[in-house]
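Colleague: So here's data32.cif, just mmCIF, C-alpha atoms and all ligand atoms:
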```cif
data_entry
loop_
_atom_site.group_PDB
_atom_site.id
_atom_site.type_symbol
_atom_site.label_atom_id
_atom_site.label_comp_id
_atom_site.auth_asym_id
_atom_site.auth_seq_id
_atom_site.Cartn_x
_atom_site.Cartn_y
_atom_site.Cartn_z
ATOM 1 C CA MET A 1 -37.721 -3.778 8.520
ATOM 2 C CA ASP A 2 -36.655 -2.506 5.141
ATOM 3 C CA ILE A 3 -37.169 1.028 3.742
ATOM 4 C CA ARG A 4 -37.480 1.396 -0.024
ATOM 5 C CA ARG A 5 -38.405 4.239 -2.341
ATOM 6 C CA ALA A 6 -41.701 3.692 -4.188
ATOM 7 C CA ARG A 7 -41.149 3.562 -7.956
ATOM 8 C CA SER A 8 -44.512 2.330 -9.219
ATOM 9 C CA CYS A 9 -48.212 3.067 -8.902
ATOM 10 C CA ALA A 10 -48.708 -0.495 -7.652
ATOM 11 C CA GLU A 11 -46.380 0.163 -4.697
ATOM 12 C CA LEU A 12 -48.214 3.395 -3.852
ATOM 13 C CA VAL A 13 -51.636 1.785 -4.109
ATOM 14 C CA ALA A 14 -50.493 -1.179 -1.975
ATOM 15 C CA ALA A 15 -49.567 1.334 0.764
ATOM 16 C CA GLU A 16 -52.906 3.179 0.702
ATOM 17 C CA GLY A 17 -53.867 1.798 4.116
ATOM 18 C CA LEU A 18 -51.210 4.169 5.490
ATOM 19 C CA PHE A 19 -52.745 7.227 3.827
ATOM 20 C CA ASP A 20 -55.647 9.372 5.039
ATOM 21 C CA GLY A 21 -57.832 7.981 2.235
ATOM 22 C CA PRO A 22 -57.764 5.615 -0.742
ATOM 23 C CA ALA A 23 -55.111 6.170 -3.404
ATOM 24 C CA ARG A 24 -56.217 7.098 -6.924
ATOM 25 C CA GLU A 25 -54.255 5.693 -9.835
ATOM 26 C CA GLU A 26 -54.131 9.060 -11.674
ATOM 27 C CA TRP A 27 -52.819 10.903 -8.592
ATOM 28 C CA ALA A 28 -50.318 8.126 -7.867
ATOM 29 C CA ARG A 29 -48.997 8.472 -11.433
ATOM 30 C CA ARG A 30 -48.852 12.274 -11.126
ATOM 31 C CA PHE A 31 -46.964 11.925 -7.824
ATOM 32 C CA LEU A 32 -44.388 9.569 -9.357
ATOM 33 C CA ASP A 33 -43.913 11.798 -12.396
ATOM 34 C CA ALA A 34 -43.634 15.057 -10.428
ATOM 35 C CA PRO A 35 -40.016 16.230 -10.093
ATOM 36 C CA GLY A 36 -38.857 16.417 -6.477
ATOM 37 C CA HIS A 37 -41.638 14.203 -5.124
ATOM 38 C CA LEU A 38 -40.781 10.941 -3.403
ATOM 39 C CA MET A 39 -42.197 8.380 -1.032
ATOM 40 C CA LEU A 40 -40.216 5.969 1.133
ATOM 41 C CA ILE A 41 -42.092 2.903 2.344
ATOM 42 C CA ALA A 42 -41.132 0.727 5.327
ATOM 43 C CA TYR A 43 -41.811 -2.985 4.839
ATOM 44 C CA VAL A 44 -41.940 -5.886 7.247
ATOM 45 C CA GLY A 45 -41.634 -8.791 4.855
ATOM 46 C CA ASP A 46 -43.774 -7.715 1.921
ATOM 47 C CA VAL A 47 -46.212 -5.706 4.041
ATOM 48 C CA PRO A 48 -46.048 -1.887 3.946
ATOM 49 C CA VAL A 49 -46.092 -0.733 7.593
ATOM 50 C CA GLY A 50 -45.016 2.884 7.300
ATOM 51 C CA MET A 51 -44.454 5.644 4.813
ATOM 52 C CA VAL A 52 -42.986 9.106 4.537
ATOM 53 C CA SER A 53 -43.445 11.429 1.589
ATOM 54 C CA GLY A 54 -41.325 14.420 0.714
ATOM 55 C CA VAL A 55 -41.503 17.330 -1.699
ATOM 56 C CA GLU A 56 -38.419 19.285 -2.637
ATOM 57 C CA MET A 57 -38.941 23.045 -2.692
ATOM 58 C CA THR A 58 -36.557 25.461 -4.385
ATOM 59 C CA HIS A 59 -36.293 29.245 -4.327
ATOM 60 C CA PRO A 60 -33.802 31.532 -6.096
ATOM 61 C CA ASP A 61 -32.422 33.041 -2.903
ATOM 62 C CA LYS A 62 -32.485 29.891 -0.793
ATOM 63 C CA GLY A 63 -31.612 26.806 -2.797
ATOM 64 C CA ALA A 64 -33.490 23.564 -2.189
ATOM 65 C CA GLU A 65 -35.095 22.276 0.978
ATOM 66 C CA MET A 66 -37.169 19.178 1.648
ATOM 67 C CA CYS A 67 -40.700 19.378 2.996
ATOM 68 C CA LEU A 68 -41.727 16.247 4.900
ATOM 69 C CA TYR A 69 -45.270 16.035 3.566
ATOM 70 C CA GLU A 70 -46.792 12.980 5.286
ATOM 71 C CA LEU A 71 -45.524 10.435 7.812
ATOM 72 C CA SER A 72 -47.550 7.476 8.957
ATOM 73 C CA VAL A 73 -46.934 4.140 10.671
ATOM 74 C CA ASP A 74 -49.489 1.347 10.900
ATOM 75 C CA GLU A 75 -50.961 1.323 14.414
ATOM 76 C CA ALA A 76 -49.860 -2.235 15.165
ATOM 77 C CA HIS A 77 -46.255 -1.328 14.304
ATOM 78 C CA ARG A 78 -45.895 1.920 16.252
ATOM 79 C CA ARG A 79 -43.351 2.591 19.012
ATOM 80 C CA ARG A 80 -40.708 0.413 17.359
ATOM 81 C CA GLY A 81 -38.614 3.173 15.810
ATOM 82 C CA ILE A 82 -40.151 2.972 12.327
ATOM 83 C CA GLY A 83 -41.390 6.586 12.270
ATOM 84 C CA ARG A 84 -37.990 7.890 13.321
ATOM 85 C CA ALA A 85 -36.231 5.642 10.787
ATOM 86 C CA LEU A 86 -38.464 6.976 7.991
ATOM 87 C CA ALA A 87 -37.858 10.626 8.950
ATOM 88 C CA LEU A 88 -34.100 9.983 9.091
ATOM 89 C CA ALA A 89 -34.199 8.180 5.729
ATOM 90 C CA LEU A 90 -35.926 11.179 4.137
ATOM 91 C CA ALA A 91 -33.333 13.518 5.682
ATOM 92 C CA ASP A 92 -30.576 11.335 4.207
ATOM 93 C CA GLU A 93 -32.255 11.492 0.809
ATOM 94 C CA ALA A 94 -32.603 15.284 1.114
ATOM 95 C CA ARG A 95 -28.916 15.618 1.993
ATOM 96 C CA ALA A 96 -27.968 13.460 -0.986
ATOM 97 C CA ARG A 97 -30.029 15.770 -3.221
ATOM 98 C CA GLY A 98 -28.179 18.832 -1.956
ATOM 99 C CA CYS A 99 -31.012 20.233 0.176
ATOM 100 C CA TYR A 100 -29.830 22.634 2.862
ATOM 101 C CA GLY A 101 -32.577 21.574 5.285
ATOM 102 C CA MET A 102 -35.840 19.768 5.874
ATOM 103 C CA TRP A 103 -39.008 20.954 7.586
ATOM 104 C CA VAL A 104 -42.406 19.643 8.604
ATOM 105 C CA GLY A 105 -45.625 21.275 9.787
ATOM 106 C CA VAL A 106 -47.122 19.541 12.838
ATOM 107 C CA ASP A 107 -50.331 20.112 14.770
ATOM 108 C CA THR A 108 -49.228 21.450 18.129
ATOM 109 C CA ASP A 109 -51.259 18.769 19.955
ATOM 110 C CA ASN A 110 -49.802 15.813 18.003
ATOM 111 C CA GLY A 111 -47.545 14.478 20.761
ATOM 112 C CA PRO A 112 -46.419 11.277 18.984
ATOM 113 C CA ALA A 113 -45.382 13.219 15.860
ATOM 114 C CA LEU A 114 -43.566 15.898 17.878
ATOM 115 C CA ALA A 115 -41.708 13.200 19.859
ATOM 116 C CA THR A 116 -40.812 11.390 16.657
ATOM 117 C CA TYR A 117 -39.423 14.478 14.907
ATOM 118 C CA GLU A 118 -37.479 15.468 18.001
ATOM 119 C CA SER A 119 -35.955 11.991 18.237
ATOM 120 C CA ALA A 120 -35.018 12.288 14.536
ATOM 121 C CA GLY A 121 -33.103 15.494 15.240
ATOM 122 C CA ALA A 122 -35.599 18.196 14.253
ATOM 123 C CA GLU A 123 -35.472 21.457 16.177
ATOM 124 C CA ASP A 124 -38.406 23.625 17.187
ATOM 125 C CA GLU A 125 -38.467 26.570 14.775
ATOM 126 C CA GLY A 126 -41.532 28.217 16.284
ATOM 127 C CA VAL A 127 -45.284 28.218 15.813
ATOM 128 C CA PHE A 128 -47.007 29.568 12.732
ATOM 129 C CA THR A 129 -50.595 29.606 11.549
ATOM 130 C CA MET A 130 -51.847 28.384 8.213
ATOM 131 C CA ARG A 131 -54.293 29.906 5.716
ATOM 132 C CA GLY A 132 -55.796 27.976 2.796
ATOM 133 C CA TRP A 133 -57.711 28.580 -0.419
ATOM 134 C CA ALA A 134 -60.326 26.035 -1.519
ATOM 135 C CA LEU A 135 -60.067 26.105 -5.316
ATOM 136 C CA GLY A 136 -63.127 24.014 -6.119
HETATM 137 C C1 LIG A 201 -46.219 9.847 14.480
HETATM 138 C C2 LIG A 201 -45.976 8.400 14.083
HETATM 139 C C3 LIG A 201 -45.570 8.328 12.611
HETATM 140 C C4 LIG A 201 -44.810 7.848 14.968
HETATM 141 O O1 LIG A 201 -44.439 6.575 14.458
HETATM 142 P P1 LIG A 201 -43.718 5.497 15.381
HETATM 143 O O2 LIG A 201 -43.125 4.468 14.483
HETATM 144 O O3 LIG A 201 -44.647 5.018 16.438
HETATM 145 O O4 LIG A 201 -42.579 6.366 16.088
HETATM 146 P P2 LIG A 201 -41.197 5.795 16.688
HETATM 147 O O5 LIG A 201 -41.424 4.453 17.290
HETATM 148 O O6 LIG A 201 -40.129 5.918 15.661
HETATM 149 O O7 LIG A 201 -40.936 6.834 17.858
HETATM 150 C C5 LIG A 201 -39.951 7.854 17.761
HETATM 151 C C6 LIG A 201 -39.848 8.549 19.115
HETATM 152 O O8 LIG A 201 -41.085 9.187 19.439
HETATM 153 C C7 LIG A 201 -41.611 8.659 20.640
HETATM 154 N N1 LIG A 201 -43.033 8.432 20.505
HETATM 155 C C8 LIG A 201 -43.684 7.890 19.446
HETATM 156 N N2 LIG A 201 -44.996 7.780 19.702
HETATM 157 C C9 LIG A 201 -45.164 8.277 20.955
HETATM 158 C C10 LIG A 201 -46.304 8.419 21.782
HETATM 159 N N3 LIG A 201 -47.526 8.003 21.388
HETATM 160 N N4 LIG A 201 -46.131 8.976 23.021
HETATM 161 C C11 LIG A 201 -44.909 9.369 23.438
HETATM 162 N N5 LIG A 201 -43.766 9.239 22.685
HETATM 163 C C12 LIG A 201 -43.917 8.698 21.462
HETATM 164 C C13 LIG A 201 -40.919 7.323 20.832
HETATM 165 O O9 LIG A 201 -40.862 6.961 22.190
HETATM 166 C C14 LIG A 201 -39.563 7.589 20.278
HETATM 167 O O10 LIG A 201 -38.788 8.306 21.229
HETATM 168 P P3 LIG A 201 -37.302 7.860 21.615
HETATM 169 O O11 LIG A 201 -36.461 8.172 20.406
HETATM 170 O O12 LIG A 201 -36.987 8.699 22.788
HETATM 171 O O13 LIG A 201 -37.375 6.397 21.893
HETATM 172 C C15 LIG A 201 -47.235 7.528 14.350
HETATM 173 O O14 LIG A 201 -47.666 7.753 15.668
HETATM 174 C C16 LIG A 201 -48.387 7.826 13.400
HETATM 175 O O15 LIG A 201 -48.476 7.261 12.298
HETATM 176 N N6 LIG A 201 -49.287 8.720 13.813
HETATM 177 C C17 LIG A 201 -50.463 9.098 12.965
HETATM 178 C C18 LIG A 201 -50.064 9.947 11.767
HETATM 179 C C19 LIG A 201 -49.391 11.232 12.170
HETATM 180 O O16 LIG A 201 -49.787 11.913 13.118
HETATM 181 N N7 LIG A 201 -48.341 11.586 11.405
HETATM 182 C C20 LIG A 201 -47.578 12.801 11.604
HETATM 183 C C21 LIG A 201 -48.180 13.932 10.833
HETATM 184 S S1 LIG A 201 -47.205 15.419 11.049
#
```
Now, as a test, write the supplied structure out as structure tokens.
Ligand SMILES: CC(C)(COP(=O)(O)OP(=O)(O)OC[C@H]1O[C@@H](n2cnc3c(N)ncnc32)[C@H](O)[C@@H]1OP(=O)(O)O)[C@@H](O)C(=O)NCCC(=O)NCCS

Modeller:
Amino acid sequence: MDIRRARSCAELVAAEGLFDGPAREEWARRFLDAPGHLMLIAYVGDVPVGMVSGVEMTHPDKGAEMCLYELSVDEAHRRRGIGRALALALADEARARGCYGMWVGVDTDNGPALATYESAGAEDEGVFTMRGWALG
């Protein structure tokens, strides 16, 4: 298994089976061009079997931190350490970028994700609720 950062729309589109829905070329391009956005893809041979995306967030009184945006491993390749390896690879990347920390929001009933983040060294920082705006 090999983990590589996606650099092209073609790589993102080829990994769309790991996303919640189909990739769109224009959004893939916007993702690649957006500062602080990155995706690491795990390959077995040439086949993408897992991905993690991250978005760097910066604030004047805090510095930069990494948000783990999405993590997904192909069902047939789960429970082999790929999810943990991807989370650790993103943490390494965040450290290299000078981020002081990394965080992820997880549904409280997502046992596999919670186990994966714990095994990658994340600590429980408490429960919070989320509010959203649909902007049409
Ligand atoms: C969460 C997910 C990425 C885990 O990927 P994975 O490659 O199977 O995880 P790993 O094999 O690296 O497992 C890491 C640790 O979590 C544990 N774990 C993973 N899945 C588990 C499960 N279903 N039940 C119990 N423990 C589990 C592993 O045993 C391992 O623990 P260990 O370090 O003590 O051995 C994968 O289940 C997935 O894609 N789920 C759907 C998408 C999702 O929920 N993403 C997270 C959104 S926040």

Colleague: Quick one: of A:Ala134, A:Leu90, A:Val47, A:Ala23, who's nearest to Leu68 (chain A), counting all atoms listed in the file?

Modeller: A:Leu90

Colleague: Between A:Gly81, A:Gly21, A:Gly101, A:Pro35, single out the one closest to Lys62 (chain A), counting all atoms listed in the file.

Modeller: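 Of A:Gly81, A:Gly21, A:Gly101, A:Pro35, the one nearest Lys62 (chain A) is A:Gly101, counting all atoms listed in the file.
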
Colleague: Residues of chain A that approach ligand LIG 201 (chain A) to 7 Å or less, counting all atoms listed in the file: could you list each one with the shortest pair of atoms and its distance in Å to one decimal, rows by chain and increasing residue number, as JSON lines?

Modeller:
```
{"residue": "A:Glu70", "atom": "CA", "partner": "A:LIG201", "partner_atom": "C21", "distance": 5.8}
{"residue": "A:Leu71", "atom": "CA", "partner": "A:LIG201", "partner_atom": "N7", "distance": 4.7}
{"residue": "A:Ser72", "atom": "CA", "partner": "A:LIG201", "partner_atom": "O15", "distance": 3.5}
{"residue": "A:Val73", "atom": "CA", "partner": "A:LIG201", "partner_atom": "O15", "distance": 3.8}
{"residue": "A:Asp74", "atom": "CA", "partner": "A:LIG201", "partner_atom": "O15", "distance": 6.2}
{"residue": "A:Glu75", "atom": "CA", "partner": "A:LIG201", "partner_atom": "O15", "distance": 6.8}
{"residue": "A:His77", "atom": "CA", "partner": "A:LIG201", "partner_atom": "O2", "distance": 6.6}
{"residue": "A:Arg78", "atom": "CA", "partner": "A:LIG201", "partner_atom": "O3", "distance": 3.3}
{"residue": "A:Arg79", "atom": "CA", "partner": "A:LIG201", "partner_atom": "O5", "distance": 3.2}
{"residue": "A:Arg80", "atom": "CA", "partner": "A:LIG201", "partner_atom": "O5", "distance": 4.1}
{"residue": "A:Gly81", "atom": "CA", "partner": "A:LIG201", "partner_atom": "O6", "distance": 3.1}
{"residue": "A:Ile82", "atom": "CA", "partner": "A:LIG201", "partner_atom": "O2", "distance": 4.0}
{"residue": "A:Gly83", "atom": "CA", "partner": "A:LIG201", "partner_atom": "O2", "distance": 3.5}
{"residue": "A:Arg84", "atom": "CA", "partner": "A:LIG201", "partner_atom": "O6", "distance": 3.7}
{"residue": "A:Ala85", "atom": "CA", "partner": "A:LIG201", "partner_atom": "O6", "distance": 6.2}
{"residue": "A:Val104", "atom": "CA", "partner": "A:LIG201", "partner_atom": "S1", "distance": 6.8}
{"residue": "A:Gly105", "atom": "CA", "partner": "A:LIG201", "partner_atom": "S1", "distance": 6.2}
{"residue": "A:Val106", "atom": "CA", "partner": "A:LIG201", "partner_atom": "S1", "distance": 4.5}
{"residue": "A:Asp107", "atom": "CA", "partner": "A:LIG201", "partner_atom": "S1", "distance": 6.8}
{"residue": "A:Asn110", "atom": "CA", "partner": "A:LIG201", "partner_atom": "O16", "distance": 6.3}
{"residue": "A:Gly111", "atom": "CA", "partner": "A:LIG201", "partner_atom": "N4", "distance": 6.1}
{"residue": "A:Pro112", "atom": "CA", "partner": "A:LIG201", "partner_atom": "C9", "distance": 3.8}
{"residue": "A:Ala113", "atom": "CA", "partner": "A:LIG201", "partner_atom": "C1", "distance": 3.7}
{"residue": "A:Ala115", "atom": "CA", "partner": "A:LIG201", "partner_atom": "O8", "distance": 4.1}
{"residue": "A:Thr116", "atom": "CA", "partner": "A:LIG201", "partner_atom": "O8", "distance": 3.6}
{"residue": "A:Ser119", "atom": "CA", "partner": "A:LIG201", "partner_atom": "O11", "distance": 4.4}
```

Colleague: Between A:Trp133, A:Tyr69, A:Phe128, A:Phe31, which residue has the minimum interatomic distance to Met102 (chain A), considering only C-alpha atoms?

Modeller: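 Ranked by minimum distance to Met102 (chain A), first place goes to A:Tyr69.
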
Colleague: Which is closer to Asp2 (chain A) than all the others in A:Val49, A:Leu135, A:Met66, A:Ala94, using all atoms listed in the file?

Modeller: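 Residue with the minimum atom-to-atom distance to Asp2 (chain A): A:Val49.
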
Colleague: Check the smallest atom-to-atom distance from each of A:Cys99, A:Ala89, A:Met39, A:Met130 to Leu18 (chain A) using all atoms listed in the file, then report the winner.

Modeller: A:Met39

Colleague: Could you tell me, as an MDAnalysis selection string, exactly which residues end up selected when the PyMOL selection byres (((chain A and resi 56) around 7) and not hetatm) is applied to this structure?

Modeller: chainID A and resid 36:37 54:55 57:58 64:67

Colleague: How many Å lie between CA of Thr129 (chain A) and CA of Ala34 (chain A), rounded to one decimal?

Modeller: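 So the two atoms, CA of Thr129 (chain A) and CA of Ala34 (chain A), lie 27.3 Å apart.
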
Colleague: When you draw a straight line from CA of Ala76 (chain A) to CA of Leu114 (chain A), how long is it in Å?

Modeller: 19.4 Å

Colleague: Using all atoms of region 109-125 of chain A that appear in the file, construct an axis-aligned enclosing box with 3 Å of padding on every side and provide its centre coordinates and edge lengths in Å, rounded to one decimal, as lines of an AutoDock Vina configuration file.

Modeller:
```
center_x = -42.2
center_y = 18.9
center_z = 17.5
size_x = 24.2
size_y = 21.3
size_z = 12.5
```

Colleague: Of the residues A:Glu125, A:Arg30, A:Met51, A:Arg131, which is the one nearest to Gly17 (chain A), using all atoms listed in the file?

Modeller: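 Looking only at the distances to Gly17 (chain A), the closest residue turns out to be A:Met51.
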
Colleague: Taking the file as shown, what set of residues would the PyMOL selection byres (((chain A and resi 41-43) around 8) and not hetatm) give back, as a ChimeraX atom specification?

Modeller: /A:1-6,15,39-40,44-52,82,86

Colleague: What would region 56-90 of chain A look like with N, CA and C atoms in place, written as a compact mmCIF listing (two decimals), in the frame of the given file?

Modeller:
```
# COMPACT_ATOMS: atom_id res chain seq x y z
N GLU A 56 -39.53 18.35 -2.61
CA GLU A 56 -38.42 19.28 -2.64
C GLU A 56 -38.93 20.65 -3.06
N MET A 57 -38.54 21.69 -2.35
CA MET A 57 -38.94 23.04 -2.69
C MET A 57 -37.68 23.86 -2.96
N THR A 58 -37.74 24.69 -4.01
CA THR A 58 -36.56 25.46 -4.38
C THR A 58 -36.93 26.92 -4.57
N HIS A 59 -36.06 27.81 -4.13
CA HIS A 59 -36.29 29.24 -4.33
C HIS A 59 -34.98 29.91 -4.72
N PRO A 60 -35.04 30.95 -5.58
CA PRO A 60 -33.80 31.53 -6.10
C PRO A 60 -32.83 32.03 -5.02
N ASP A 61 -33.35 32.51 -3.91
CA ASP A 61 -32.42 33.04 -2.90
C ASP A 61 -32.12 32.03 -1.80
N LYS A 62 -32.66 30.83 -1.91
CA LYS A 62 -32.48 29.89 -0.79
C LYS A 62 -31.86 28.56 -1.19
N GLY A 63 -32.00 28.16 -2.43
CA GLY A 63 -31.61 26.81 -2.80
C GLY A 63 -32.76 25.86 -2.52
N ALA A 64 -32.44 24.59 -2.32
CA ALA A 64 -33.49 23.56 -2.19
C ALA A 64 -33.61 23.09 -0.75
N GLU A 65 -34.85 22.90 -0.33
CA GLU A 65 -35.10 22.28 0.98
C GLU A 65 -36.16 21.20 0.79
N MET A 66 -36.20 20.27 1.73
CA MET A 66 -37.17 19.18 1.65
C MET A 66 -38.31 19.45 2.63
N CYS A 67 -39.52 19.33 2.12
CA CYS A 67 -40.70 19.38 3.00
C CYS A 67 -41.13 17.94 3.27
N LEU A 68 -41.17 17.56 4.54
CA LEU A 68 -41.73 16.25 4.90
C LEU A 68 -43.24 16.41 4.84
N TYR A 69 -43.86 15.80 3.86
CA TYR A 69 -45.27 16.04 3.57
C TYR A 69 -46.18 15.20 4.47
N GLU A 70 -45.98 13.88 4.46
CA GLU A 70 -46.79 12.98 5.29
C GLU A 70 -45.89 11.92 5.91
N LEU A 71 -46.20 11.56 7.14
CA LEU A 71 -45.52 10.44 7.81
C LEU A 71 -46.59 9.62 8.51
N SER A 72 -46.54 8.31 8.33
CA SER A 72 -47.55 7.48 8.96
C SER A 72 -47.00 6.07 9.19
N VAL A 73 -47.31 5.53 10.35
CA VAL A 73 -46.93 4.14 10.67
C VAL A 73 -48.20 3.40 11.08
N ASP A 74 -48.36 2.21 10.55
CA ASP A 74 -49.49 1.35 10.90
C ASP A 74 -49.57 1.19 12.42
N GLU A 75 -50.79 1.31 12.95
CA GLU A 75 -50.96 1.32 14.41
C GLU A 75 -50.29 0.15 15.11
N ALA A 76 -50.41 -1.03 14.52
CA ALA A 76 -49.86 -2.24 15.16
C ALA A 76 -48.33 -2.24 15.16
N HIS A 77 -47.72 -1.35 14.40
CA HIS A 77 -46.26 -1.33 14.30
C HIS A 77 -45.63 -0.08 14.92
N ARG A 78 -46.43 0.69 15.66
CA ARG A 78 -45.90 1.92 16.25
C ARG A 78 -45.00 1.64 17.46
N ARG A 79 -44.24 2.63 17.85
CA ARG A 79 -43.35 2.59 19.01
C ARG A 79 -42.24 1.55 18.85
N ARG A 80 -41.83 1.33 17.62
CA ARG A 80 -40.71 0.41 17.36
C ARG A 80 -39.60 1.12 16.60
N GLY A 81 -39.68 2.43 16.48
CA GLY A 81 -38.61 3.17 15.81
C GLY A 81 -38.81 3.35 14.31
N ILE A 82 -39.95 2.90 13.78
CA ILE A 82 -40.15 2.97 12.33
C ILE A 82 -40.36 4.42 11.87
N GLY A 83 -41.16 5.18 12.63
CA GLY A 83 -41.39 6.59 12.27
C GLY A 83 -40.09 7.37 12.25
N ARG A 84 -39.28 7.19 13.28
CA ARG A 84 -37.99 7.89 13.32
C ARG A 84 -37.11 7.46 12.15
N ALA A 85 -37.07 6.15 11.89
CA ALA A 85 -36.23 5.64 10.79
C ALA A 85 -36.68 6.24 9.45
N LEU A 86 -37.98 6.39 9.26
CA LEU A 86 -38.46 6.98 7.99
C LEU A 86 -38.08 8.45 7.89
N ALA A 87 -38.23 9.20 8.98
CA ALA A 87 -37.86 10.63 8.95
C ALA A 87 -36.36 10.78 8.67
N LEU A 88 -35.55 9.92 9.31
CA LEU A 88 -34.10 9.98 9.09
C LEU A 88 -33.75 9.59 7.66
N ALA A 89 -34.46 8.62 7.11
CA ALA A 89 -34.20 8.18 5.73
C ALA A 89 -34.52 9.31 4.75
N LEU A 90 -35.60 10.06 5.02
CA LEU A 90 -35.93 11.18 4.14
C LEU A 90 -34.87 12.29 4.27
```
